[in-house]
Number of protein chains: 2
Amino acid sequence: MTDSTRKNGKVFLIGAGPGDPKLLTIKAAEAIAISDVIVYDDLVNPQILAQAQLNAALIYAGKRAGNPSIAQNEINQLLVTHALLGKTVARLKGGDPFVFGRGGEEAEALAFAGVEWEVVPGISSGIAAAAYAGIPLTHREYSSSVAFITGHETTGKDAYIDWKSVAHAADTLVVFMCARSIGTIARKLVTAGRSPKTPIAIVRWGTYEHQEVFVGSLEDLIEAVELVPTIEPPAIAIVGEVVRLNERLSWFGIDELRQPLRQNEISEEALRVFCND
Amino acid sequence: MTDSTRKNGKVFLIGAGPGDPKLLTIKAAEAIAISDVIVYDDLVNPQILAQAQLNAALIYAGKRAGNPSIAQNEINQLLVTHALLGKTVARLKGGDPFVFGRGGEEAEALAFAGVEWEVVPGISSGIAAAAYAGIPLTHREYSSSVAFITGHETTGKDAYIDWKSVAHAADTLVVFMCARSIGTIARKLVTAGRSPKTPIAIVRWGTYEHQEVFVGSLEDLIEAVELVPTIEPPAIAIVGEVVRLNERLSWFGIDELRQPLRQNEISEEALRVFCND
């Protein structure tokens, strides 16, 4: 091993999970505790950042929807540079880094640069939001498959999505980053042949104490969205028969934050939530 | 609160993750540490069980494929009974309890019995096996959706699976519990129109030190399976273009355990792995 090799650092691509800081893995907590540099995204709970060493450098690399403040290749370069300077780097992403986290691109940049790296999987936000809303994604009677799609696509790319396939992709659909698009997606799913009566749950701030769950059908949502066109992020939607189990299996959070989606029942609270920012 | 209510216990439906004991969440570790009773499945790492209190009762509730040793309703009853006796119960399942874990059925039984319960999501085995094999499930260039299906279905139920839909369900398919069925599934995917050249990775003992990864194409697998019909569980398969990234992004485990799937290249080690039990 040469001197220059020995001086190199290492990058941990870490899934920080959905929000509840107790849903961090032990491996992630250990990697954060030994890191010199923490590069973190928007949806990483500040309580997780607080576990970094006192002298660790905290670098924000979030990309709020519509306001790309830092380009992906700049983030890649940041990780490579710090590692080549001999630093241990924790790259913290909400959820899991390899499920809509662009972790693959960062891993490619690190591998290309010859930097040592590893992935620390995190609890996927889609799985956790459903669990905290009392919705099993699969169930022997209602669902034997689940598909994860993203609602956060540019209009250009969206044009290439085959909604006919997506609508029937699996018994349960989980739509990540859906706040801006779930109304449109609901319409496309119905147009593609999914029943308008299909239950849907929208979970905002999944696993956080202030988690909000809206339950209705695709047609309820389509009606509601005509009134108030977007939902505030962060939001994840679950579509499919399993959503009905929420009524019996809701175990987390404040009942008042559980709302029907039906237009004529929308409360002031729900209106606030549905309003445009 | 009446006396009888106060005496009741609580059940934690816990995802113990994929195998690597460091992939347990902090919340799961805390729940295990305070539990009087641990009810665990086959694929829970013994190192996780070792974290239970010394006087905790450890109850095995595994169901090996083909040998159902304990029925689901017996497990449900076990959880309810211990909770009604005032015990804190950790129900440990491999991966995540609400993704092919039948946790939904256990939650329903607990809710019906009026027992306090909560879900502790775990790192899904499919997500983790892919990550430890160096395969991002989504990637801006190769995949914008991922579907989870199970290979472990009875023949009767299998007849109802619409393979045409499944084959095109998402850019990436993750097939859980596929050891006995992946050859058949590969054939069905090709028959349903998925290209025979589509890359597939089979990950055995994902995230364990002795993890094995086999990489090839659907047609390679179909040929190999004619020679040696089944794979030893536990195994998870990933199907889709993202599998190609494994060559560059493989970061975990022993290189010798990474094997090509092509029939004419199958090594003795691979043959051992592919042999029937």
# chains A, B, ... in the order shown; residues from 1 in each chain; ligands from 1

call {"tool": "residues_around", "arguments": {"residues": "Tyr40 of chain A", "least_positions_apart": "5", "cutoff": "8 Å", "atoms": "only C-alpha atoms", "output": "number ranges by chain"}}
result
A: 58-62, 91-93

call {"tool": "write_last_selection", "arguments": {"atoms": "all heavy atoms", "output": "CSV table (one decimal), in the first residue's frame"}}
result
chain,number,residue,atom,x,y,z
A,58,LEU,N,-20.5,20.1,8.4
A,58,LEU,CA,-21.8,19.7,7.9
A,58,LEU,C,-22.1,20.5,6.6
A,58,LEU,O,-22.1,21.7,6.7
A,58,LEU,CB,-22.9,20.1,9.0
A,58,LEU,CG,-22.8,19.4,10.3
A,58,LEU,CD1,-24.1,19.8,11.2
A,58,LEU,CD2,-22.8,17.9,10.2
A,59,ILE,N,-22.3,19.8,5.6
A,59,ILE,CA,-22.5,20.5,4.3
A,59,ILE,C,-23.9,20.1,3.7
A,59,ILE,O,-24.2,18.9,3.5
A,59,ILE,CB,-21.4,20.0,3.3
A,59,ILE,CG1,-20.0,20.3,3.8
A,59,ILE,CG2,-21.6,20.7,1.9
A,59,ILE,CD1,-18.9,19.8,3.0
A,60,TYR,N,-24.7,21.2,3.5
A,60,TYR,CA,-26.0,21.0,3.0
A,60,TYR,C,-26.0,20.8,1.5
A,60,TYR,O,-25.4,21.6,0.7
A,60,TYR,CB,-26.9,22.2,3.3
A,60,TYR,CG,-28.2,22.2,2.7
A,60,TYR,CD1,-29.2,21.3,3.1
A,60,TYR,CD2,-28.5,23.1,1.7
A,60,TYR,CE1,-30.5,21.3,2.5
A,60,TYR,CE2,-29.8,23.1,1.1
A,60,TYR,CZ,-30.7,22.2,1.5
A,60,TYR,OH,-32.0,22.2,0.9
A,61,ALA,N,-26.6,19.7,1.0
A,61,ALA,CA,-26.6,19.5,-0.5
A,61,ALA,C,-28.0,19.2,-1.0
A,61,ALA,O,-28.2,18.3,-1.8
A,61,ALA,CB,-25.7,18.3,-0.8
A,62,GLY,N,-29.0,19.9,-0.3
A,62,GLY,CA,-30.4,19.6,-0.7
A,62,GLY,C,-30.7,20.2,-2.0
A,62,GLY,O,-30.1,21.1,-2.5
A,91,ARG,N,-22.4,10.5,3.6
A,91,ARG,CA,-23.4,11.1,2.7
A,91,ARG,C,-24.8,10.7,3.1
A,91,ARG,O,-25.2,9.5,2.9
A,91,ARG,CB,-23.0,10.6,1.3
A,91,ARG,CG,-24.1,11.0,0.2
A,91,ARG,CD,-24.1,12.5,0.0
A,91,ARG,NE,-25.0,12.8,-1.1
A,91,ARG,CZ,-26.0,13.7,-1.0
A,91,ARG,NH1,-26.3,14.2,0.2
A,91,ARG,NH2,-26.7,14.0,-2.0
A,92,LEU,N,-25.5,11.6,3.7
A,92,LEU,CA,-26.8,11.3,4.3
A,92,LEU,C,-28.0,11.6,3.4
A,92,LEU,O,-28.1,12.8,3.0
A,92,LEU,CB,-27.0,12.0,5.6
A,92,LEU,CG,-26.1,11.6,6.8
A,92,LEU,CD1,-26.5,12.4,8.0
A,92,LEU,CD2,-26.3,10.1,7.1
A,93,LYS,N,-28.8,10.6,3.1
A,93,LYS,CA,-29.9,10.8,2.2
A,93,LYS,C,-31.2,10.4,2.9
A,93,LYS,O,-31.1,9.4,3.7
A,93,LYS,CB,-29.8,10.0,0.9
A,93,LYS,CG,-28.7,10.4,0.0
A,93,LYS,CD,-28.3,9.4,-1.0
A,93,LYS,CE,-27.4,9.9,-2.1
A,93,LYS,NZ,-28.1,10.9,-2.9

call {"tool": "residues_around", "arguments": {"residues": "segment 26-36 of chain A", "least_positions_apart": "4", "cutoff": "6 Å", "atoms": "only C-alpha atoms", "output": "PyMOL selection string"}}
result
(chain A and resi 52-53+56+87-90) or (chain B and resi 22-23+25-26)

call {"tool": "write_last_selection", "arguments": {"atoms": "N, CA, C and O atoms", "output": "PDB file, in the first residue's frame"}}
result
ATOM      1  N   ALA A  52     -23.491  13.895  14.826  1.00  0.00           N
ATOM      2  CA  ALA A  52     -22.151  14.004  14.242  1.00  0.00           C
ATOM      3  C   ALA A  52     -21.155  14.481  15.298  1.00  0.00           C
ATOM      4  O   ALA A  52     -21.535  15.053  16.321  1.00  0.00           O
ATOM      5  N   GLN A  53     -19.863  14.237  15.042  1.00  0.00           N
ATOM      6  CA  GLN A  53     -18.824  14.755  15.935  1.00  0.00           C
ATOM      7  C   GLN A  53     -18.907  16.279  15.974  1.00  0.00           C
ATOM      8  O   GLN A  53     -19.264  16.919  14.987  1.00  0.00           O
ATOM      9  N   ALA A  56     -17.133  17.944  13.178  1.00  0.00           N
ATOM     10  CA  ALA A  56     -17.425  17.491  11.807  1.00  0.00           C
ATOM     11  C   ALA A  56     -17.962  18.660  10.983  1.00  0.00           C
ATOM     12  O   ALA A  56     -18.681  19.518  11.501  1.00  0.00           O
ATOM     13  N   LYS A  87     -10.493  12.287   4.183  1.00  0.00           N
ATOM     14  CA  LYS A  87     -11.600  12.403   5.140  1.00  0.00           C
ATOM     15  C   LYS A  87     -12.530  11.187   5.087  1.00  0.00           C
ATOM     16  O   LYS A  87     -12.718  10.580   4.024  1.00  0.00           O
ATOM     17  N   THR A  88     -13.139  10.904   6.208  1.00  0.00           N
ATOM     18  CA  THR A  88     -14.249   9.961   6.247  1.00  0.00           C
ATOM     19  C   THR A  88     -15.523  10.774   6.063  1.00  0.00           C
ATOM     20  O   THR A  88     -15.764  11.742   6.792  1.00  0.00           O
ATOM     21  N   VAL A  89     -16.297  10.403   5.058  1.00  0.00           N
ATOM     22  CA  VAL A  89     -17.455  11.204   4.666  1.00  0.00           C
ATOM     23  C   VAL A  89     -18.741  10.400   4.840  1.00  0.00           C
ATOM     24  O   VAL A  89     -18.841   9.272   4.351  1.00  0.00           O
ATOM     25  N   ALA A  90     -19.727  10.983   5.533  1.00  0.00           N
ATOM     26  CA  ALA A  90     -21.060  10.370   5.617  1.00  0.00           C
ATOM     27  C   ALA A  90     -21.968  11.147   4.669  1.00  0.00           C
ATOM     28  O   ALA A  90     -22.220  12.332   4.862  1.00  0.00           O
TER      29      ALA A  90
ATOM     30  N   LYS B  22     -25.905  -5.208  12.027  1.00  0.00           N
ATOM     31  CA  LYS B  22     -25.754  -3.756  12.149  1.00  0.00           C
ATOM     32  C   LYS B  22     -26.832  -3.009  11.355  1.00  0.00           C
ATOM     33  O   LYS B  22     -26.941  -1.799  11.432  1.00  0.00           O
ATOM     34  N   LEU B  23     -27.601  -3.732  10.556  1.00  0.00           N
ATOM     35  CA  LEU B  23     -28.688  -3.086   9.811  1.00  0.00           C
ATOM     36  C   LEU B  23     -30.003  -3.086  10.596  1.00  0.00           C
ATOM     37  O   LEU B  23     -31.044  -2.693  10.095  1.00  0.00           O
ATOM     38  N   THR B  25     -32.495  -1.405  13.199  1.00  0.00           N
ATOM     39  CA  THR B  25     -32.680  -0.003  13.574  1.00  0.00           C
ATOM     40  C   THR B  25     -32.504   0.153  15.090  1.00  0.00           C
ATOM     41  O   THR B  25     -32.622  -0.806  15.855  1.00  0.00           O
ATOM     42  N   ILE B  26     -32.246   1.392  15.483  1.00  0.00           N
ATOM     43  CA  ILE B  26     -32.104   1.698  16.915  1.00  0.00           C
ATOM     44  C   ILE B  26     -33.412   1.377  17.633  1.00  0.00           C
ATOM     45  O   ILE B  26     -33.424   0.819  18.729  1.00  0.00           O
TER      46      ILE B  26
END

call {"tool": "closest_residue", "arguments": {"among": "B:Ser181, B:Gln77, B:Ser143, B:Thr191", "to": "chain A", "atoms": "only C-alpha atoms"}}
result
B:Ser143

call {"tool": "residues_around", "arguments": {"residues": "Gln211 of chain A", "least_positions_apart": "6", "cutoff": "8 Å", "atoms": "only C-alpha atoms", "output": "PyMOL selection string"}}
result
chain A and resi 203-205+253+257

call {"tool": "interface_residues", "arguments": {"of": "chain A", "to": "chain B", "cutoff": "8 Å", "atoms": "only C-alpha atoms", "output": "number ranges by chain"}}
result
A: 22-27, 98-100, 102-105, 107-108, 111, 117-124, 127-128, 131-132, 135-140, 144-150, 165-166, 168-170, 248-249, 251-252

call {"tool": "atom_distance", "arguments": {"atom1": "atom CA of Gly9 of chain B", "atom2": "atom CA of Glu209 of chain A"}}
result
23.1 Å

call {"tool": "atom_distance", "arguments": {"atom1": "atom CA of Ala57 of chain A", "atom2": "atom CA of Leu78 of chain A"}}
result
12.3 Å

call {"tool": "residues_around", "arguments": {"residues": "Gly19 of chain A", "least_positions_apart": "4", "cutoff": "7 Å", "atoms": "only C-alpha atoms", "output": "number ranges by chain"}}
result
A: 44-45, 207-208

call {"tool": "residues_around", "arguments": {"residues": "Gly114 of chain A", "least_positions_apart": "5", "cutoff": "10 Å", "atoms": "only C-alpha atoms", "output": "ChimeraX atom specification"}}
result
/A:5,8,80,83-84,108-109

call {"tool": "write_last_selection", "arguments": {"atoms": "N, CA and C atoms", "output": "PDB file, in the first residue's frame"}}
result
ATOM      1  N   THR A   5      -2.253   5.995  -1.119  1.00  0.00           N
ATOM      2  CA  THR A   5      -3.420   5.136  -0.892  1.00  0.00           C
ATOM      3  C   THR A   5      -3.835   5.217   0.573  1.00  0.00           C
ATOM      4  N   ASN A   8      -5.972   8.096   1.696  1.00  0.00           N
ATOM      5  CA  ASN A   8      -7.335   8.268   1.199  1.00  0.00           C
ATOM      6  C   ASN A   8      -8.393   7.992   2.260  1.00  0.00           C
ATOM      7  N   VAL A  80     -15.929  13.019  -3.721  1.00  0.00           N
ATOM      8  CA  VAL A  80     -14.624  12.532  -4.196  1.00  0.00           C
ATOM      9  C   VAL A  80     -13.496  13.374  -3.592  1.00  0.00           C
ATOM     10  N   ALA A  83     -12.884  12.739   0.122  1.00  0.00           N
ATOM     11  CA  ALA A  83     -12.286  11.411   0.329  1.00  0.00           C
ATOM     12  C   ALA A  83     -10.813  11.424  -0.069  1.00  0.00           C
ATOM     13  N   LEU A  84     -10.499  12.087  -1.185  1.00  0.00           N
ATOM     14  CA  LEU A  84      -9.104  12.142  -1.634  1.00  0.00           C
ATOM     15  C   LEU A  84      -8.241  12.962  -0.673  1.00  0.00           C
ATOM     16  N   GLU A 108     -21.080   5.511  -8.636  1.00  0.00           N
ATOM     17  CA  GLU A 108     -20.308   5.435  -9.885  1.00  0.00           C
ATOM     18  C   GLU A 108     -19.158   6.433  -9.891  1.00  0.00           C
ATOM     19  N   ALA A 109     -19.441   7.667  -9.421  1.00  0.00           N
ATOM     20  CA  ALA A 109     -18.393   8.700  -9.382  1.00  0.00           C
ATOM     21  C   ALA A 109     -17.269   8.281  -8.429  1.00  0.00           C
TER      22      ALA A 109
END

call {"tool": "select_by_dssp", "arguments": {"residues": "segment 130-243 of chain A", "states": "helix (DSSP H, G or I)", "output": "PyMOL selection string"}}
result
chain A and resi 130-132+155-158+163-167+182-191+218-227+241-243
